[in-house]
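**Q** This is target-v7.pdb (PDB, C-alpha atoms and all ligand atoms).
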```pdb
ATOM      1  CA  MET E   1       2.517  22.529  -5.089
ATOM      2  CA  PHE E   2      -0.274  20.007  -4.542
ATOM      3  CA  PHE E   3      -2.384  22.883  -3.354
ATOM      4  CA  CYS E   4      -2.401  24.275  -6.908
ATOM      5  CA  PHE E   5      -3.779  21.040  -8.344
ATOM      6  CA  CYS E   6      -6.535  21.007  -5.737
ATOM      7  CA  LEU E   7      -7.296  24.673  -6.309
ATOM      8  CA  TYR E   8      -7.817  24.088 -10.017
ATOM      9  CA  THR E   9     -10.001  21.000  -9.645
ATOM     10  CA  THR E  10     -13.159  22.869 -10.406
ATOM     11  CA  ALA E  11     -12.159  26.227 -11.816
ATOM     12  CA  THR E  12     -10.137  27.810 -14.565
ATOM     13  CA  PHE E  13      -9.211  31.385 -13.796
ATOM     14  CA  PRO E  14      -6.219  33.578 -14.447
ATOM     15  CA  PHE E  15      -3.423  32.896 -12.034
ATOM     16  CA  GLY E  16      -3.213  36.667 -11.911
ATOM     17  CA  ASP E  17      -6.371  36.578  -9.804
ATOM     18  CA  LYS E  18      -4.196  36.471  -6.750
ATOM     19  CA  HIS E  19      -6.926  37.474  -4.382
ATOM     20  CA  HIS E  20      -9.116  34.530  -5.379
ATOM     21  CA  ALA E  21      -6.271  32.014  -5.065
ATOM     22  CA  VAL E  22      -5.030  33.273  -1.725
ATOM     23  CA  GLN E  23      -8.560  33.340  -0.304
ATOM     24  CA  GLN E  24      -8.780  29.616  -0.999
ATOM     25  CA  ALA E  25      -5.337  28.796   0.351
ATOM     26  CA  GLY E  26      -4.479  27.809   3.897
ATOM     27  CA  GLN E  27      -2.131  30.178   5.739
ATOM     28  CA  ALA E  28       0.921  27.988   5.109
ATOM     29  CA  ASP E  29       0.303  27.847   1.375
ATOM     30  CA  CYS E  30      -0.210  31.575   0.912
ATOM     31  CA  ILE E  31       3.444  32.565   0.690
ATOM     32  CA  HIS E  32       4.259  29.883  -1.896
ATOM     33  CA  ILE E  33       1.121  30.614  -3.865
ATOM     34  CA  SER E  34       1.807  34.354  -3.863
ATOM     35  CA  LYS E  35       5.361  33.849  -5.161
ATOM     36  CA  PHE E  36       4.164  31.432  -7.801
ATOM     37  CA  ILE E  37       1.383  33.726  -8.915
ATOM     38  CA  HIS E  38       3.745  36.687  -9.092
ATOM     39  CA  LEU E  39       5.959  34.781 -11.547
ATOM     40  CA  ILE E  40       3.219  33.787 -13.968
ATOM     41  CA  SER E  41       0.628  36.442 -13.410
ATOM     42  CA  LEU E  42      -0.684  36.720 -16.958
ATOM     43  CA  ALA E  43      -1.124  33.057 -17.844
ATOM     44  CA  TYR E  44      -4.268  30.925 -17.660
ATOM     45  CA  TYR E  45      -4.004  27.478 -16.099
ATOM     46  CA  ARG E  46      -6.158  24.425 -15.589
ATOM     47  CA  ASN E  47      -5.484  20.841 -14.564
ATOM     48  CA  THR E  48      -5.033  18.121 -17.144
ATOM     49  CA  GLU E  49      -7.342  15.117 -16.768
ATOM     50  CA  ILE E  50      -4.489  13.106 -15.265
ATOM     51  CA  SER E  51      -3.722  15.804 -12.685
ATOM     52  CA  ASN E  52      -7.384  15.906 -11.701
ATOM     53  CA  LEU E  53      -7.467  12.139 -11.346
ATOM     54  CA  TYR E  54      -4.259  11.468  -9.441
ATOM     55  CA  LEU E  55      -2.960  14.717  -7.963
ATOM     56  CA  THR E  56      -5.987  16.341  -6.382
ATOM     57  CA  LYS E  57      -6.671  15.374  -2.810
ATOM     58  CA  SER E  58     -10.402  14.802  -3.285
ATOM     59  CA  SER E  59     -10.220  12.388  -6.241
ATOM     60  CA  PRO E  60     -11.100   8.744  -5.395
ATOM     61  CA  LYS E  61      -7.899   7.745  -7.223
ATOM     62  CA  SER E  62      -5.761  10.398  -5.536
ATOM     63  CA  GLN E  63      -2.058   9.565  -5.007
ATOM     64  CA  TYR E  64      -1.611  12.713  -2.916
ATOM     65  CA  HIS E  65      -0.993  10.880   0.389
ATOM     66  CA  ILE E  66       1.735   8.536  -0.839
ATOM     67  CA  MET E  67       3.564  11.353  -2.642
ATOM     68  CA  MET E  68       3.417  13.562   0.427
ATOM     69  CA  TYR E  69       4.623  10.670   2.571
ATOM     70  CA  TYR E  70       7.606   9.873   0.343
ATOM     71  CA  SER E  71       8.537  13.519  -0.082
ATOM     72  CA  ASN E  72       8.655  14.174   3.664
ATOM     73  CA  THR E  73       9.888  10.949   5.190
ATOM     74  CA  SER E  74      13.091   9.042   5.193
ATOM     75  CA  CYS E  75      14.183   6.371   7.553
ATOM     76  CA  ALA E  76      17.744   5.193   7.949
ATOM     77  CA  LEU E  77      16.948   2.636  10.629
ATOM     78  CA  PRO E  78      16.605  -1.116  10.213
ATOM     79  CA  ILE E  79      13.015  -2.011   9.357
ATOM     80  CA  ALA E  80      11.918  -3.295  12.773
ATOM     81  CA  ASP E  81      13.036   0.003  14.258
ATOM     82  CA  CYS E  82      11.665   1.843  11.234
ATOM     83  CA  PHE E  83       8.071   0.671  11.681
ATOM     84  CA  ALA E  84       8.361   1.227  15.425
ATOM     85  CA  ALA E  85       9.901   4.657  14.842
ATOM     86  CA  VAL E  86       7.198   5.763  12.423
ATOM     87  CA  TRP E  87       4.448   4.453  14.691
ATOM     88  CA  VAL E  88       5.930   5.992  17.818
ATOM     89  CA  ARG E  89       6.935   9.352  16.295
ATOM     90  CA  SER E  90       3.379  10.513  15.928
ATOM     91  CA  GLU E  91      -0.080   9.306  15.093
ATOM     92  CA  GLU E  92      -0.103  11.929  12.342
ATOM     93  CA  GLU E  93       2.868  10.299  10.591
ATOM     94  CA  MET E  94       1.312   6.876  10.989
ATOM     95  CA  LEU E  95      -1.916   8.165   9.431
ATOM     96  CA  LYS E  96       0.041   9.603   6.505
ATOM     97  CA  PHE E  97       1.870   6.301   5.992
ATOM     98  CA  MET E  98      -1.343   4.271   6.106
ATOM     99  CA  ALA E  99      -3.248   6.632   3.813
ATOM    100  CA  GLY E 100      -0.263   6.528   1.448
ATOM    101  CA  GLN E 101      -0.136   2.727   1.421
ATOM    102  CA  ASN E 102      -3.898   2.618   0.855
ATOM    103  CA  SER E 103      -3.883   4.976  -2.119
ATOM    104  CA  ILE E 104      -2.414   2.583  -4.694
ATOM    105  CA  TRP E 105      -5.302   0.118  -4.249
ATOM    106  CA  SER E 106      -7.800   2.525  -5.787
ATOM    107  CA  ILE E 107      -5.759   2.080  -8.994
ATOM    108  CA  CYS E 108      -4.644  -1.573  -8.953
ATOM    109  CA  GLY E 109      -6.532  -3.316  -6.136
ATOM    110  CA  ARG E 110      -9.007  -5.048  -8.438
ATOM    111  CA  ASP E 111      -6.265  -6.102 -10.861
ATOM    112  CA  VAL E 112      -4.216  -7.945  -8.261
ATOM    113  CA  LEU E 113      -7.275  -9.519  -6.638
ATOM    114  CA  ALA E 114      -8.783 -10.677  -9.932
ATOM    115  CA  ALA E 115      -5.462 -12.002 -11.288
ATOM    116  CA  PHE E 116      -6.574 -15.396  -9.881
ATOM    117  CA  ASP E 117     -10.027 -16.689  -9.015
ATOM    118  CA  LEU E 118      -9.964 -16.356  -5.240
ATOM    119  CA  SER E 119     -13.674 -17.153  -4.781
ATOM    120  CA  PRO E 120     -13.019 -20.661  -3.321
ATOM    121  CA  PHE E 121     -11.185 -19.024  -0.402
ATOM    122  CA  ARG E 122     -13.825 -17.875   2.054
ATOM    123  CA  HIS E 123     -11.814 -16.847   5.094
ATOM    124  CA  ILE E 124      -8.876 -14.649   4.244
ATOM    125  CA  TYR E 125      -6.200 -13.118   6.472
ATOM    126  CA  ASP E 126      -4.550  -9.959   5.163
ATOM    127  CA  LEU E 127      -1.229 -10.109   7.041
ATOM    128  CA  GLY E 128       0.169  -6.615   7.623
ATOM    129  CA  GLY E 129      -3.093  -5.358   6.115
ATOM    130  CA  GLY E 130      -2.442  -1.767   7.305
ATOM    131  CA  GLY E 131      -5.193   0.729   6.495
ATOM    132  CA  GLY E 132      -7.373  -1.967   4.924
ATOM    133  CA  ALA E 133      -7.917  -0.617   1.384
ATOM    134  CA  LEU E 134      -6.971  -3.966  -0.178
ATOM    135  CA  ALA E 135      -9.207  -5.825   2.293
ATOM    136  CA  GLN E 136     -12.074  -3.530   1.297
ATOM    137  CA  ALA E 137     -11.407  -4.141  -2.387
ATOM    138  CA  CYS E 138     -11.276  -7.892  -1.664
ATOM    139  CA  VAL E 139     -14.739  -8.105  -0.078
ATOM    140  CA  SER E 140     -16.067  -6.019  -2.938
ATOM    141  CA  VAL E 141     -14.578  -8.351  -5.612
ATOM    142  CA  TYR E 142     -15.453 -11.491  -3.585
ATOM    143  CA  PRO E 143     -18.707 -10.722  -1.723
ATOM    144  CA  ASN E 144     -18.787 -14.182  -0.085
ATOM    145  CA  SER E 145     -15.428 -13.724   1.576
ATOM    146  CA  THR E 146     -14.517 -12.367   4.972
ATOM    147  CA  VAL E 147     -11.171 -10.680   5.492
ATOM    148  CA  THR E 148      -9.310 -10.308   8.773
ATOM    149  CA  ILE E 149      -6.761  -7.527   8.850
ATOM    150  CA  TYR E 150      -3.824  -8.723  10.945
ATOM    151  CA  ASP E 151      -1.403  -5.978  11.952
ATOM    152  CA  LEU E 152       0.463  -4.481  14.875
ATOM    153  CA  PRO E 153      -1.890  -3.308  17.671
ATOM    154  CA  LYS E 154      -1.481   0.406  17.070
ATOM    155  CA  VAL E 155      -2.024   0.035  13.323
ATOM    156  CA  VAL E 156      -5.215  -1.955  13.887
ATOM    157  CA  GLN E 157      -6.465   0.699  16.274
ATOM    158  CA  VAL E 158      -5.867   3.453  13.700
ATOM    159  CA  ALA E 159      -7.322   1.379  10.830
ATOM    160  CA  LYS E 160     -10.526   0.890  12.833
ATOM    161  CA  GLU E 161     -10.753   4.513  13.843
ATOM    162  CA  TRP E 162      -9.866   6.162  10.527
ATOM    163  CA  PHE E 163     -10.005   3.866   7.530
ATOM    164  CA  VAL E 164     -12.451   0.957   7.722
ATOM    165  CA  PRO E 165     -16.097   1.902   8.292
ATOM    166  CA  SER E 166     -17.678   0.064  11.258
ATOM    167  CA  GLU E 167     -20.599  -1.033   9.039
ATOM    168  CA  GLU E 168     -18.156  -3.086   6.941
ATOM    169  CA  HIS E 169     -19.189  -6.415   8.527
ATOM    170  CA  GLN E 170     -17.102  -8.656   6.251
ATOM    171  CA  ILE E 171     -13.906  -7.174   7.660
ATOM    172  CA  THR E 172     -12.571  -8.035  11.107
ATOM    173  CA  PHE E 173      -9.304  -7.267  12.873
ATOM    174  CA  HIS E 174      -6.566  -9.174  14.650
ATOM    175  CA  LYS E 175      -3.860  -7.411  16.650
ATOM    176  CA  GLY E 176      -0.530  -9.200  16.556
ATOM    177  CA  ASP E 177       3.092  -9.343  15.502
ATOM    178  CA  PHE E 178       3.381 -11.882  12.699
ATOM    179  CA  PHE E 179       6.944 -12.798  13.705
ATOM    180  CA  LYS E 180       6.289 -13.231  17.414
ATOM    181  CA  ASP E 181       2.615 -14.122  17.803
ATOM    182  CA  SER E 182       0.543 -16.984  16.428
ATOM    183  CA  ILE E 183      -1.153 -16.729  13.040
ATOM    184  CA  PRO E 184      -4.678 -18.223  13.078
ATOM    185  CA  GLU E 185      -5.923 -20.805  10.566
ATOM    186  CA  ALA E 186      -7.460 -19.509   7.323
ATOM    187  CA  ASP E 187      -8.125 -20.482   3.698
ATOM    188  CA  LEU E 188      -5.971 -17.785   2.172
ATOM    189  CA  TYR E 189      -3.314 -15.389   3.396
ATOM    190  CA  ILE E 190      -2.646 -12.178   1.512
ATOM    191  CA  LEU E 191       0.830 -10.698   1.973
ATOM    192  CA  SER E 192       0.694  -7.444   0.097
ATOM    193  CA  LYS E 193       3.845  -5.340   0.057
ATOM    194  CA  ILE E 194       5.120  -7.349   3.034
ATOM    195  CA  LEU E 195       7.956  -9.564   1.765
ATOM    196  CA  HIS E 196       9.653  -6.632   0.034
ATOM    197  CA  ASP E 197      10.270  -5.154   3.514
ATOM    198  CA  TRP E 198      12.356  -8.107   4.702
ATOM    199  CA  ASP E 199      15.513 -10.082   3.874
ATOM    200  CA  ASP E 200      15.304 -13.670   2.610
ATOM    201  CA  ASP E 201      15.699 -15.273   6.048
ATOM    202  CA  LYS E 202      12.827 -13.273   7.566
ATOM    203  CA  CYS E 203      10.649 -13.977   4.490
ATOM    204  CA  LYS E 204      11.276 -17.726   4.819
ATOM    205  CA  GLN E 205      10.524 -17.577   8.543
ATOM    206  CA  LEU E 206       7.230 -15.768   7.932
ATOM    207  CA  LEU E 207       6.158 -17.940   4.995
ATOM    208  CA  ALA E 208       6.912 -21.143   6.949
ATOM    209  CA  LYS E 209       4.660 -19.870   9.729
ATOM    210  CA  VAL E 210       1.931 -19.034   7.209
ATOM    211  CA  HIS E 211       2.248 -22.493   5.622
ATOM    212  CA  LYS E 212       1.841 -24.146   9.027
ATOM    213  CA  ALA E 213      -1.293 -22.104   9.806
ATOM    214  CA  CYS E 214      -2.863 -22.523   6.352
ATOM    215  CA  LYS E 215      -5.723 -25.019   5.896
ATOM    216  CA  PRO E 216      -4.895 -27.944   3.572
ATOM    217  CA  GLY E 217      -5.952 -26.876   0.077
ATOM    218  CA  GLY E 218      -5.577 -23.241   1.083
ATOM    219  CA  GLY E 219      -3.095 -20.766  -0.300
ATOM    220  CA  VAL E 220      -1.038 -17.638  -0.063
ATOM    221  CA  LEU E 221      -1.312 -14.626  -2.361
ATOM    222  CA  LEU E 222       1.783 -12.426  -2.641
ATOM    223  CA  VAL E 223       1.160  -8.953  -3.994
ATOM    224  CA  GLU E 224       4.396  -7.276  -5.015
ATOM    225  CA  SER E 225       5.945  -5.225  -7.793
ATOM    226  CA  LEU E 226       7.919  -7.772  -9.847
ATOM    227  CA  LEU E 227      11.341  -7.202 -11.392
ATOM    228  CA  ASN E 228      12.147  -8.793 -14.749
ATOM    229  CA  GLU E 229      14.042 -12.071 -14.333
ATOM    230  CA  ASP E 230      17.282 -10.378 -15.482
ATOM    231  CA  LYS E 231      16.505  -7.359 -13.234
ATOM    232  CA  SER E 232      16.703  -5.030 -16.267
ATOM    233  CA  GLY E 233      13.418  -3.339 -15.280
ATOM    234  CA  PRO E 234      10.689  -2.239 -15.005
ATOM    235  CA  LEU E 235      12.084   1.139 -14.016
ATOM    236  CA  GLU E 236       9.391   1.799 -11.376
ATOM    237  CA  THR E 237      10.193  -1.508  -9.675
ATOM    238  CA  GLN E 238      13.919  -0.762  -9.724
ATOM    239  CA  LEU E 239      13.171   2.587  -8.085
ATOM    240  CA  TYR E 240      10.973   0.875  -5.474
ATOM    241  CA  SER E 241      13.865  -1.490  -4.818
ATOM    242  CA  LEU E 242      16.166   1.461  -4.240
ATOM    243  CA  ASN E 243      13.607   2.862  -1.819
ATOM    244  CA  MET E 244      13.478  -0.483  -0.014
ATOM    245  CA  LEU E 245      17.285  -0.465   0.222
ATOM    246  CA  VAL E 246      17.224   2.942   1.897
ATOM    247  CA  GLN E 247      14.224   2.429   4.150
ATOM    248  CA  THR E 248      14.084  -1.282   4.966
ATOM    249  CA  GLU E 249      16.120  -4.482   5.053
ATOM    250  CA  GLY E 250      14.216  -5.761   1.998
ATOM    251  CA  LYS E 251      14.193  -5.337  -1.784
ATOM    252  CA  GLU E 252      11.982  -5.947  -4.806
ATOM    253  CA  ARG E 253      12.402  -9.432  -6.291
ATOM    254  CA  THR E 254      11.967 -11.398  -9.492
ATOM    255  CA  PRO E 255       9.243 -14.068  -9.942
ATOM    256  CA  ALA E 256      11.936 -16.792  -9.575
ATOM    257  CA  GLU E 257      13.082 -15.321  -6.264
ATOM    258  CA  TYR E 258       9.510 -15.318  -4.877
ATOM    259  CA  ARG E 259       9.004 -18.835  -6.226
ATOM    260  CA  ASN E 260      12.108 -20.013  -4.315
ATOM    261  CA  LEU E 261      10.910 -18.389  -1.096
ATOM    262  CA  LEU E 262       7.464 -19.999  -1.415
ATOM    263  CA  GLN E 263       8.908 -23.427  -2.259
ATOM    264  CA  ALA E 264      11.302 -23.241   0.694
ATOM    265  CA  ALA E 265       8.255 -22.739   2.952
ATOM    266  CA  GLY E 266       6.444 -25.756   1.463
ATOM    267  CA  PHE E 267       4.010 -24.060  -0.960
ATOM    268  CA  THR E 268       3.361 -25.762  -4.325
ATOM    269  CA  GLU E 269       1.506 -25.071  -7.624
ATOM    270  CA  ILE E 270       3.030 -21.592  -7.706
ATOM    271  CA  GLN E 271       1.614 -19.321 -10.410
ATOM    272  CA  VAL E 272       2.727 -15.802 -11.318
ATOM    273  CA  LYS E 273       0.484 -13.211 -12.983
ATOM    274  CA  ARG E 274       1.752  -9.859 -14.185
ATOM    275  CA  THR E 275      -1.142  -7.409 -14.185
ATOM    276  CA  GLY E 276       0.420  -4.748 -16.421
ATOM    277  CA  LYS E 277       0.050  -2.289 -13.535
ATOM    278  CA  LEU E 278       2.445  -1.418 -10.717
ATOM    279  CA  TYR E 279       1.691  -4.497  -8.627
ATOM    280  CA  ASP E 280       1.521  -8.169  -9.605
ATOM    281  CA  ALA E 281       0.227 -11.339  -8.005
ATOM    282  CA  ILE E 282       1.714 -14.721  -7.111
ATOM    283  CA  LEU E 283      -0.404 -17.590  -5.802
ATOM    284  CA  GLY E 284       0.977 -20.617  -3.956
ATOM    285  CA  ARG E 285      -1.057 -23.571  -2.637
ATOM    286  CA  LYS E 286      -0.694 -25.837   0.378
TER     287      LYS E 286
HETATM  288  C1  LIG E 301       4.361  -1.661   3.476
HETATM  289  S1  LIG E 301       3.001  -1.796   4.569
HETATM  290  C2  LIG E 301       1.816  -2.688   3.551
HETATM  291  C3  LIG E 301       0.390  -2.431   3.978
HETATM  292  C4  LIG E 301      -0.671  -3.200   3.176
HETATM  293  N1  LIG E 301      -0.461  -4.618   3.173
HETATM  294  C5  LIG E 301      -0.760  -2.684   1.746
HETATM  295  O1  LIG E 301      -0.489  -3.443   0.816
HETATM  296  O2  LIG E 301      -1.143  -1.519   1.576
HETATM  297  C6  LIG E 301       3.571  -3.024   5.709
HETATM  298  C7  LIG E 301       2.587  -3.364   6.811
HETATM  299  O3  LIG E 301       3.119  -4.443   7.595
HETATM  300  C8  LIG E 301       2.842  -4.167   8.950
HETATM  301  N2  LIG E 301       3.811  -4.871   9.791
HETATM  302  C9  LIG E 301       5.150  -4.628   9.884
HETATM  303  N3  LIG E 301       5.704  -5.481  10.765
HETATM  304  C10 LIG E 301       4.695  -6.262  11.241
HETATM  305  C11 LIG E 301       4.655  -7.342  12.187
HETATM  306  N4  LIG E 301       5.763  -7.754  12.797
HETATM  307  N5  LIG E 301       3.461  -7.927  12.436
HETATM  308  C12 LIG E 301       2.330  -7.496  11.805
HETATM  309  N6  LIG E 301       2.312  -6.486  10.887
HETATM  310  C13 LIG E 301       3.485  -5.880  10.621
HETATM  311  C14 LIG E 301       2.982  -2.666   9.061
HETATM  312  O4  LIG E 301       2.361  -2.183  10.231
HETATM  313  C15 LIG E 301       2.305  -2.214   7.769
HETATM  314  O5  LIG E 301       0.921  -2.057   7.935
END
```
Mind converting the file's structure to structure tokens?
**A**
Amino acid sequence: MFFCFCLYTTATFPFGDKHHAVQQAGQADCIHISKFIHLISLAYYRNTEISNLYLTKSSPKSQYHIMMYYSNTSCALPIADCFAAVWVRSEEEMLKFMAGQNSIWSICGRDVLAAFDLSPFRHIYDLGGGGGALAQACVSVYPNSTVTIYDLPKVVQVAKEWFVPSEEHQITFHKGDFFKDSIPEADLYILSKILHDWDDDKCKQLLAKVHKACKPGGGVLLVESLLNEDKSGPLETQLYSLNMLVQTEGKERTPAEYRNLLQAAGFTEIQVKRTGKLYDAILGRK
């Protein structure tokens, strides 16, 4: 179906022009396209502005990769096995996952990074930074910062090869397992879509380690989709939580729940900012 949105990015022509459509389709799409065209052969179609923006593969704000990832993947293993399983299954699946995780930051990266003034923090570690889209947005919003993407070795290798241009000198990489290996000292640690993967005990373990590594006066920025305090919504966050239940050992949480986790690890001056978009920001200080 996504093929149709991409096909109509630039042109409006009758869907009845089967020859034109099929010429532009890949082999695999041809059968679906032909059936679709047969059904609606006399109508004229074009993308809406929103389809052009979010559903076509070539748009800078495309959500194509994350939708394709969610529509084709499910994982009924515990999270540790789940990440390992996705990474081991194939590099192609890992690429899809990383591109999918990256795609949201073209829409709300700036909002979560500008929710607080992060300019005093010069050296930032993005723990579990994946494909690096948030790190790239960070050095763009804060040009005096450097960001180190810390992730599992294979993920770092793929991020370097496919997602972060080598001329991006403000971004460096660190291969490691944040539960097993040491976390180097820094001014700020970003944990974006990390705590929602894990249960409370693992979150406390990780945050305590981050607190120990953090420079005095430094901080931690959590980027997560926040539930209302009474968990009555927002609907998207409830659906994410359901997804976390199926795919991980984590869940989406309320601001109070994140506050408790941060306090248990020793962080103070905790502030919560809702951005009005899908992801929000919480800052804690050491
Ligand atoms: C849900 S993704 C979030 C990616 C990125 N932070 C973002 O916001 O787009 C979780 C990331 O955590 C990484 N991760 C999972 N377990 C890890 C571990 N033990 N040590 C380091 N990174 C880990 C995964 O490889 C993946 O890149």
**Q** Excluding segment 120-129 of chain E and its own-chain neighbours fewer than 6 positions away, which residues fall within 9 Å of it when counting all atoms listed in the file? Please give them as a PyMOL selection string.
**A** chain E and resi 135+142+144-152+156+177-178+183-194+218-219
**Q** Write out as number ranges by chain which residues come within 12 Å of Lys160 of chain E when counting all atoms listed in the file, dropping same-chain ones fewer than 4 positions away.
**A** E: 95, 98, 129-133, 148-151, 153-156, 164-168, 171-175
**Q** List, as a ChimeraX atom specification, every residue that the PyMOL selection byres (((chain E and resi 100) around 10) and not hetatm) selects in the file provided.
**A** /E:62-70,94-99,101-105,131
**Q** Any chance you could export the current selection's C-alpha atoms as a short mmCIF file (atom, residue, chain, number, x, y, z; two decimals), in the frame of the given file?
**A**
```
data_model
loop_
_atom_site.label_atom_id
_atom_site.label_comp_id
_atom_site.auth_asym_id
_atom_site.auth_seq_id
_atom_site.Cartn_x
_atom_site.Cartn_y
_atom_site.Cartn_z
CA SER E 62 -5.76 10.40 -5.54
CA GLN E 63 -2.06 9.56 -5.01
CA TYR E 64 -1.61 12.71 -2.92
CA HIS E 65 -0.99 10.88 0.39
CA ILE E 66 1.74 8.54 -0.84
CA MET E 67 3.56 11.35 -2.64
CA MET E 68 3.42 13.56 0.43
CA TYR E 69 4.62 10.67 2.57
CA TYR E 70 7.61 9.87 0.34
CA MET E 94 1.31 6.88 10.99
CA LEU E 95 -1.92 8.16 9.43
CA LYS E 96 0.04 9.60 6.50
CA PHE E 97 1.87 6.30 5.99
CA MET E 98 -1.34 4.27 6.11
CA ALA E 99 -3.25 6.63 3.81
CA GLN E 101 -0.14 2.73 1.42
CA ASN E 102 -3.90 2.62 0.86
CA SER E 103 -3.88 4.98 -2.12
CA ILE E 104 -2.41 2.58 -4.69
CA TRP E 105 -5.30 0.12 -4.25
CA GLY E 131 -5.19 0.73 6.50
#
```
**Q** Hey, which bits of segment 197-246 of chain E sit within 7 Å of segment 250-264 of chain E, and for each residue what's the closest pair of atoms and how far apart in Å (one decimal), counting only C-alpha atoms, rows by chain and increasing number, as a Markdown table?
**A**
```
| residue | atom | partner | partner_atom | distance |
| --- | --- | --- | --- | --- |
| E:Asp197 | CA | E:Gly250 | CA | 4.3 |
| E:Trp198 | CA | E:Gly250 | CA | 4.0 |
| E:Asp199 | CA | E:Gly250 | CA | 4.9 |
| E:Lys204 | CA | E:Leu261 | CA | 6.0 |
| E:Leu207 | CA | E:Leu262 | CA | 6.9 |
| E:Ser225 | CA | E:Glu252 | CA | 6.8 |
| E:Leu226 | CA | E:Thr254 | CA | 5.4 |
| E:Leu227 | CA | E:Thr254 | CA | 4.6 |
| E:Asn228 | CA | E:Thr254 | CA | 5.9 |
| E:Glu229 | CA | E:Thr254 | CA | 5.3 |
| E:Thr237 | CA | E:Glu252 | CA | 6.8 |
| E:Tyr240 | CA | E:Glu252 | CA | 6.9 |
| E:Ser241 | CA | E:Glu252 | CA | 4.8 |
| E:Met244 | CA | E:Lys251 | CA | 5.2 |
| E:Leu245 | CA | E:Lys251 | CA | 6.1 |
```
**Q** Hey, which of E:Thr48, E:Ser106, E:Gln271, E:Ser232 ends up closest to ligand LIG 301 (chain E)? Count only C-alpha atoms and all ligand atoms.
**A**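 Closest to ligand LIG 301 (chain E), using only C-alpha atoms and all ligand atoms: E:Ser106.
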**Q** Have a look at E:Glu161, E:Glu91, E:Asp200, E:Glu224 and name the one nearest to ligand LIG 301 (chain E); count all atoms listed in the file.
**A**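 Using all atoms listed in the file, ligand LIG 301 (chain E) sits closest to E:Glu224.
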**Q** Would you mind reading off the distance between atom CA of Arg274 of chain E and atom CA of Ile107 of chain E, one decimal, in Å?
**A**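 Answer for the atom CA of Arg274 of chain E to atom CA of Ile107 of chain E separation: 15.0 Å.
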**Q** Figure out the distance between atom CA of Leu113 of chain E and atom CA of Leu235 of chain E, please, to one decimal in Å.
**A**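 Atom CA of Leu235 of chain E sits 23.3 Å away from atom CA of Leu113 of chain E.
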**Q** One number please: atom CA of Gly176 of chain E to atom CA of Ala137 of chain E, in Å, one decimal.
**A** 22.4 Å
**Q** Need to verify the contact set: Val112 of chain E, 6 Å, all atoms listed in the file, exclusion of same-chain residues closer than 2 positions in sequence. Can you return it as a list in words?
**A**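 In the requested format, the answer is Gly109, Arg110, Ala114, Ala115, Asp280 and Ala281 of chain E.
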**Q** Let me have the centre and edge lengths in Å, one decimal, of the box along x, y and z around every listed atom of ligand LIG 301 (chain E) with 6 Å of margin on each side, as lines of an AutoDock Vina configuration file.
**A**
```
center_x = 2.3
center_y = -4.7
center_z = 6.8
size_x = 18.9
size_y = 18.4
size_z = 24.0
```
**Q** Which of these residues is nearest to ligand LIG 301 (chain E), using all atoms listed in the file: E:Lys202, E:Lys286, E:Lys273, E:Lys180?
**A**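 Closest candidate: E:Lys180.
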**Q** Rank nothing, just name the residue among E:Ala208, E:Ala265, E:Val141, E:Val158 nearest to ligand LIG 301 (chain E), using all atoms listed in the file.
**A** E:Val158
**Q** Ranking E:Ser51, E:Ser58, E:Ser140, E:Gln247 by minimum distance to ligand LIG 301 (chain E) and counting only C-alpha atoms and all ligand atoms, which one comes first?
**A** E:Gln247
**Q** Go through E:Tyr279, E:Phe267, E:Phe116, E:Tyr54 one by one, measure the shortest atom-to-atom distance of each to ligand LIG 301 (chain E) using only C-alpha atoms and all ligand atoms, and give the residue with the smallest value.
**A**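 Among the listed residues, E:Tyr279 lies closest to ligand LIG 301 (chain E).
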